[in-house]
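Asker: Next up is a structure, given as structure tokens.
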Amino acid sequence: MLSFIKSQLLKFSVGTMAGEEGEFWEKDRLLSESICSTYSETETSDNFSGRVKTNSDQSSDETSPSMSILQQTAPFLLLGTDSQTPSPMQSWHSVLAELKGPRRIWTVTLFSFLAAFSAILSGYTLAFPSSALLDLRNMTNTSRFVKGSSIEDYFGAMAPIGAIFGAAIAGFLSDVFGRKLTLILTGLPHVIGWLFLAGSYDLQSLRPVFILFLLIGRFLSGLGMGWAMLIAPIYIAEISVPVMRGFYSALPQLALSLGIPLAYCFGYSLMYHQSSLIAVGIAIFCSLVAIFIPESPRYLLSKGRREKACRVLTVLRGKKKSVLSKEIFELDNLVYKQRRLRCNEWLSELKQRQVFIPLILCLFVLIFQQLSGINALFFYGAPILQEAGVAKSEFMALLAIGLTEFVTTLLTVFIVDLFGRKYMLMLSSFIMMCSCTGLSTHLYLKDSGSDGSPLAILSVIMLIVGFSLGLGAIPWTLMTELLSLRVRGFLGGVLSAVNWAFAAIVTGLYLEFASKSSESFAWWMFAGVNLVAFTFVAFFLPETKGKKLEFIEQQMKNNFKLCV
């Protein structure tokens with residue numbers, strides 16, 4: 001077996017970064033061979049067989065080489081402290097130690113940014129209706145949209161509906177064909193969808209076909225949005241280092257926040273069909289960028305391609321043998337724990353406290369994310385600002401919204417590993433509650449004849465700040481920290497589908513609800529949801545920053561309580 005691995009290493013290539021047998025990979029060929037050989041010998045001497053030893057095995061063989069490796073390491077599953085949440089200063093020192101360590105941290109950062117690029121069009125898709133609806137309402141023929149009509153609701157809701165299917169397709173493809181190829185193919189539904197949207201402009205005289213093209217285009221671009229927002233975090237989580245998992249997990253949300261101001265800028269300087277063609281170019285660029293990333297080492301190990309996994313880890317972690325040997329051991333543990341479960345095993349897992357309690361916690365946090373009012377603002381920012389009486393400075397207000405989202409998300413990326421998830425979510429919900437209250441108050445006063453445009457702009461900007469500080473990215477980080485490893489893939493897909501379903505509900509019903517009741521009442525309701533979210537996080541959600549994932553699982557199982 002060992003000789004076979006050595007012979008295969010000579011043929012190995014991981015992607016197209018430097019071509020087949022390129023110089024970039026050839027430097028580390030002998031090192032990878034040595035690591036794989038060492039690991040194989042360790043595995044044989046322990047009779048490891050690719051799985052974690054049972055408790056009885058551990059107690060009877062505490063001095064085995066494999067167990068000593070596991071005890072010395074700082075793996076994905078054994079990150080942080082047992083029960084104490086580290087202070088921001090302790091977290092900062094841990095990050096600095098990682099940056100100065102033997103791992104190739106900047107290589108990981110580069111590949112993570114390249115993978116996160118696919119999420120740029122997710123933000124573009126979210127913000128697209130804001131300007132496109134104004135173009136569609138201002139058409140001079142019979143195909144124009146009427147304010148408050150059901151077709152506007154369908155136009156907004158088709159993207160999150162498509163995202164539900166996109167997440168499911170991406171999950172399947174990533175397990176069958178790999179993370180890298182799935183990332184490359186992310187641009188395919190986007191290109192087709194945005195071409196449908198661009199082509200609809202020439203079909204205005206045929207209203208049924210015109211509407212059909214618009215809805216198909218929105219559905220396919222939404223499919224690409226759900227696709228990207230599932231596969232990018234999966235890939236980034238599998239190549240990143242544990243101590244900076246919050247930083248890396250927030251990169252797709254950062255890319256999404258960059259797509260929002262891009263959509264506002266192009267949407268207000270161009271017609272909707274022209275900005276759709278720009279989206280086609282962005283989609284092609286994102287797919288081309290993904291060609292230059294390596295395959296995930298965890299996926300390679302799950303498919304039995306250990307020699308390739310060794311080579312990728314050499315590129316990602318550097319040349320220190322002890323670091324690589326430990327991580328190979330840890331990844332074997334993870335691959336075993338994430339093996340496919342039978343139906344009866346699924347039912348057995350779902351009955352356990354450490355599974356259903358985190359599932360409920362993550363479900364509520366993701367529902368609060370969608371019912372906070374943020375999607376109503378992203379999808380219909382221009383109509384909302386028009387209704388609020390800010391038409392004169394509408395473009396600047398929208399641009400401020402987009403830039404605020406990007407800058408605040410960028411700040412969150414750097415502080416998410418310094419401060420607790422719980423407290424940042426509480427701060428986020430509180431700010432959003434106050435902002436929704438301010439916006440609803442302004443809309444109510446405007447109906448009475450008062451002018452409060454500054455209050456409206458301030459409320460909208462603070463709503464974006466609040467969302468970016470917590471509810472934007474942290475719910476996805478919590479999913480990786482709370483959900484049990486054995487069921488994380490399946491339950492993560494279920495939660496993503498529920499999340500996009502509630503996004504479809506909000507975007508599909510907002511305009512009709514606001515026209516039949518009032519916009520001020522709609523934003524009062526959003527304020528109430530954020531108050532409930534603040535209370536829920538304060539009393540039910542445990543802090544996870546800096547804690548071992550195994551300890552969190554045991555906490556859910558044995559002593560979960562309020563205000564943890």
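Chain labels run A, B, ... following the order of the structure tokens; each chain numbers its residues from 1, and ligands are numbered from 1 in the order shown.
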So that I can see what lies close to segment 129-144 of chain A, please list as a ChimeraX atom specification the residues with an atom at most 8 Å from it, counting only C-alpha atoms and leaving out residues fewer than 2 positions away in the same chain.
Answerer: /A:125-127,146-147,152,155-156,204-207,210,264,267-268,271-272,378-383
Asker: Can you pull out every residue within 9 Å of Ser150 of chain A, counting only C-alpha atoms, but drop anything in the same chain fewer than 4 positions away, and send it as a list in words?
Answerer: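 After dropping sequence-adjacent residues, the list is Val146, Tyr154, Phe155, Gly508, Leu509, Leu511 and Glu512 of chain A.
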Asker: Keeping only C-alpha atoms, take the residues you just selected and write them out as a PDB file, in the first residue's frame.
Answerer:
```
ATOM      1  CA  VAL A 146     -48.095  48.704 -11.352  1.00  0.00           C
ATOM      2  CA  TYR A 154     -43.431  37.531  -7.541  1.00  0.00           C
ATOM      3  CA  PHE A 155     -40.474  39.386  -9.048  1.00  0.00           C
ATOM      4  CA  GLY A 508     -43.166  38.159  -1.619  1.00  0.00           C
ATOM      5  CA  LEU A 509     -45.597  39.689   0.850  1.00  0.00           C
ATOM      6  CA  LEU A 511     -45.231  45.264  -0.851  1.00  0.00           C
ATOM      7  CA  GLU A 512     -48.763  43.874  -0.760  1.00  0.00           C
TER       8      GLU A 512
END
```
Asker: Would you mind telling me which residue in A:Val506, A:Leu469, A:Phe219, A:Leu541 lies nearest to Ile360 of chain A when using only C-alpha atoms?
Answerer: A:Leu541
Asker: Within 10 Å of Glu553 of chain A, counting only C-alpha atoms, which residues qualify if same-chain residues fewer than 6 places away don't, as an MDAnalysis selection string?
Answerer: chainID A and resid 353:355 357:358 481:485 560
Asker: From a backbone DSSP assignment, name each residue in segment 285-529 of chain A labelled helix (DSSP H, G or I), as a PyMOL selection string.
Answerer: chain A and resi 285-290+297-302+306-317+321-337+343-350+353-370+374-379+381-387+391-415+421-447+453-471+474-482+485-516+519-529
Asker: Tell me, as a PyMOL selection string, which residues lie within 8 Å of segment 498-503 of chain A, counting only C-alpha atoms; anything in the same chain fewer than 5 positions away does not count.
Answerer: chain A and resi 157+160-161+163-164+363+366-367+370-371+375
Asker: So which one's closest to Ser221 of chain A, A:Leu121, A:Leu455, A:Leu256, A:Ile464? Using only C-alpha atoms, please.
Answerer: A:Leu121
Asker: Using only C-alpha atoms for the distances, tell me which of A:Ile284, A:Val191, A:Ala119, A:Ile431 is nearest to Arg218 of chain A.
Answerer: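 Among A:Ile284, A:Val191, A:Ala119, A:Ile431, it is A:Val191 that comes nearest to Arg218 of chain A.
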Asker: Residues near Phe356 of chain A, anyone? I mean within 10 Å using only C-alpha atoms, not counting same-chain ones fewer than 6 positions away, as a short mmCIF file (atom, residue, chain, number, x, y, z; two decimals) with N, CA and C atoms, in the first residue's frame.
Answerer:
```
data_model
loop_
_atom_site.label_atom_id
_atom_site.label_comp_id
_atom_site.auth_asym_id
_atom_site.auth_seq_id
_atom_site.Cartn_x
_atom_site.Cartn_y
_atom_site.Cartn_z
N GLU A 349 -30.32 9.96 15.90
CA GLU A 349 -29.56 11.18 16.17
C GLU A 349 -30.47 12.35 16.52
N LEU A 350 -31.59 12.49 15.79
CA LEU A 350 -32.47 13.64 15.99
C LEU A 350 -33.15 13.62 17.35
N CYS A 362 -30.50 27.29 16.21
CA CYS A 362 -30.09 27.82 14.91
C CYS A 362 -31.30 28.18 14.06
N LEU A 483 -24.11 22.76 15.61
CA LEU A 483 -24.64 21.51 15.07
C LEU A 483 -23.63 20.38 15.22
N SER A 484 -24.11 19.21 15.61
CA SER A 484 -23.26 18.04 15.75
C SER A 484 -22.63 17.69 14.41
N LEU A 491 -28.53 18.74 8.31
CA LEU A 491 -29.28 19.79 9.01
C LEU A 491 -28.90 21.18 8.52
N MET A 556 -24.79 20.94 25.44
CA MET A 556 -26.15 20.77 24.94
C MET A 556 -26.79 19.48 25.47
N LYS A 557 -25.97 18.47 25.64
CA LYS A 557 -26.49 17.16 26.04
C LYS A 557 -26.80 17.08 27.53
#
```
Asker: Nearest to Phe526 of chain A among A:Gln555, A:Gln369, A:Thr408, A:Thr477, with distances taken over only C-alpha atoms: which residue is it?
Answerer: A:Gln369
Asker: Hey, what's within 9 Å of Ala116 of chain A if we count only C-alpha atoms and toss same-chain stuff fewer than 2 positions away? As a ChimeraX atom specification, please?
Answerer: /A:111-114,118-120,228-229,232-233,236,251-256
Asker: Could you turn the residues from that selection into a file that holds N, CA and C atoms, as a compact mmCIF listing (two decimals), in the first residue's frame?
Answerer:
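The result, stored in again-v3.txt:
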```
# COMPACT_ATOMS: atom_id res chain seq x y z
N PHE A 111 -6.82 31.78 -0.87
CA PHE A 111 -7.79 30.84 -1.42
C PHE A 111 -9.19 31.10 -0.88
N SER A 112 -9.28 31.53 0.38
CA SER A 112 -10.59 31.83 0.97
C SER A 112 -11.23 33.03 0.28
N PHE A 113 -10.42 34.05 -0.02
CA PHE A 113 -10.95 35.22 -0.73
C PHE A 113 -11.40 34.84 -2.13
N LEU A 114 -10.61 33.99 -2.82
CA LEU A 114 -10.98 33.58 -4.17
C LEU A 114 -12.30 32.80 -4.15
N SER A 118 -17.44 34.21 -5.25
CA SER A 118 -18.69 33.71 -5.84
C SER A 118 -19.92 34.28 -5.17
N ALA A 119 -19.76 34.83 -3.96
CA ALA A 119 -20.90 35.39 -3.24
C ALA A 119 -21.19 36.84 -3.62
N ILE A 120 -20.32 37.46 -4.44
CA ILE A 120 -20.56 38.85 -4.82
C ILE A 120 -21.90 38.98 -5.53
N ALA A 228 -24.08 29.59 -4.35
CA ALA A 228 -22.84 30.21 -3.89
C ALA A 228 -22.78 30.33 -2.37
N MET A 229 -23.92 30.68 -1.75
CA MET A 229 -23.93 30.89 -0.32
C MET A 229 -23.86 29.60 0.48
N ALA A 232 -19.51 28.17 -0.92
CA ALA A 232 -18.37 29.01 -0.51
C ALA A 232 -18.04 28.84 0.98
N PRO A 233 -19.03 28.92 1.89
CA PRO A 233 -18.70 28.69 3.31
C PRO A 233 -18.18 27.28 3.59
N ILE A 236 -14.49 27.18 2.42
CA ILE A 236 -13.65 28.02 3.28
C ILE A 236 -13.46 27.37 4.64
N LEU A 251 -16.23 35.82 5.40
CA LEU A 251 -15.81 36.32 4.09
C LEU A 251 -16.91 36.26 3.03
N PRO A 252 -17.71 35.16 2.93
CA PRO A 252 -18.80 35.18 1.95
C PRO A 252 -19.81 36.30 2.21
N GLN A 253 -20.10 36.58 3.48
CA GLN A 253 -21.01 37.69 3.79
C GLN A 253 -20.39 39.02 3.39
N LEU A 254 -19.06 39.14 3.54
CA LEU A 254 -18.38 40.35 3.10
C LEU A 254 -18.50 40.53 1.60
N ALA A 255 -18.31 39.44 0.85
CA ALA A 255 -18.45 39.50 -0.60
C ALA A 255 -19.88 39.85 -0.99
N LEU A 256 -20.85 39.27 -0.30
CA LEU A 256 -22.26 39.60 -0.56
C LEU A 256 -22.51 41.09 -0.34
```
Asker: Any idea what's packed within 10 Å of Phe213 of chain A, counting only C-alpha atoms, ignoring anything in its chain fewer than 4 positions away? Could you give it as a ChimeraX atom specification?
Answerer: /A:193-201,203,207-209,217-219
Asker: Please produce a file of the residues just selected, as a PDB file, in the first residue's frame, where the atoms kept are C-alpha atoms.
Answerer:
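Once written, part-v6.pdb looks like this:
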```pdb
ATOM      1  CA  GLY A 193     -30.519  33.765 -15.398  1.00  0.00           C
ATOM      2  CA  TRP A 194     -29.052  37.195 -16.044  1.00  0.00           C
ATOM      3  CA  LEU A 195     -29.198  36.591 -19.809  1.00  0.00           C
ATOM      4  CA  PHE A 196     -32.931  35.909 -19.423  1.00  0.00           C
ATOM      5  CA  LEU A 197     -33.323  39.198 -17.542  1.00  0.00           C
ATOM      6  CA  ALA A 198     -31.328  41.112 -20.158  1.00  0.00           C
ATOM      7  CA  GLY A 199     -33.215  39.499 -23.035  1.00  0.00           C
ATOM      8  CA  SER A 200     -36.608  40.353 -21.571  1.00  0.00           C
ATOM      9  CA  TYR A 201     -36.126  44.027 -22.521  1.00  0.00           C
ATOM     10  CA  LEU A 203     -39.892  41.348 -25.496  1.00  0.00           C
ATOM     11  CA  ARG A 207     -46.373  40.870 -22.045  1.00  0.00           C
ATOM     12  CA  PRO A 208     -46.817  37.163 -21.085  1.00  0.00           C
ATOM     13  CA  VAL A 209     -43.406  36.230 -22.556  1.00  0.00           C
ATOM     14  CA  GLY A 217     -34.274  35.081 -14.852  1.00  0.00           C
ATOM     15  CA  ARG A 218     -34.934  35.932 -11.222  1.00  0.00           C
ATOM     16  CA  PHE A 219     -35.394  32.261 -10.322  1.00  0.00           C
TER      17      PHE A 219
END
```
Asker: Between A:Ala290, A:Ala473, A:Ala376, A:Leu331, which one has atoms that come closest to Cys310 of chain A, using only C-alpha atoms?
Answerer: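 For Cys310 of chain A, the nearest of the given residues is A:Leu331.
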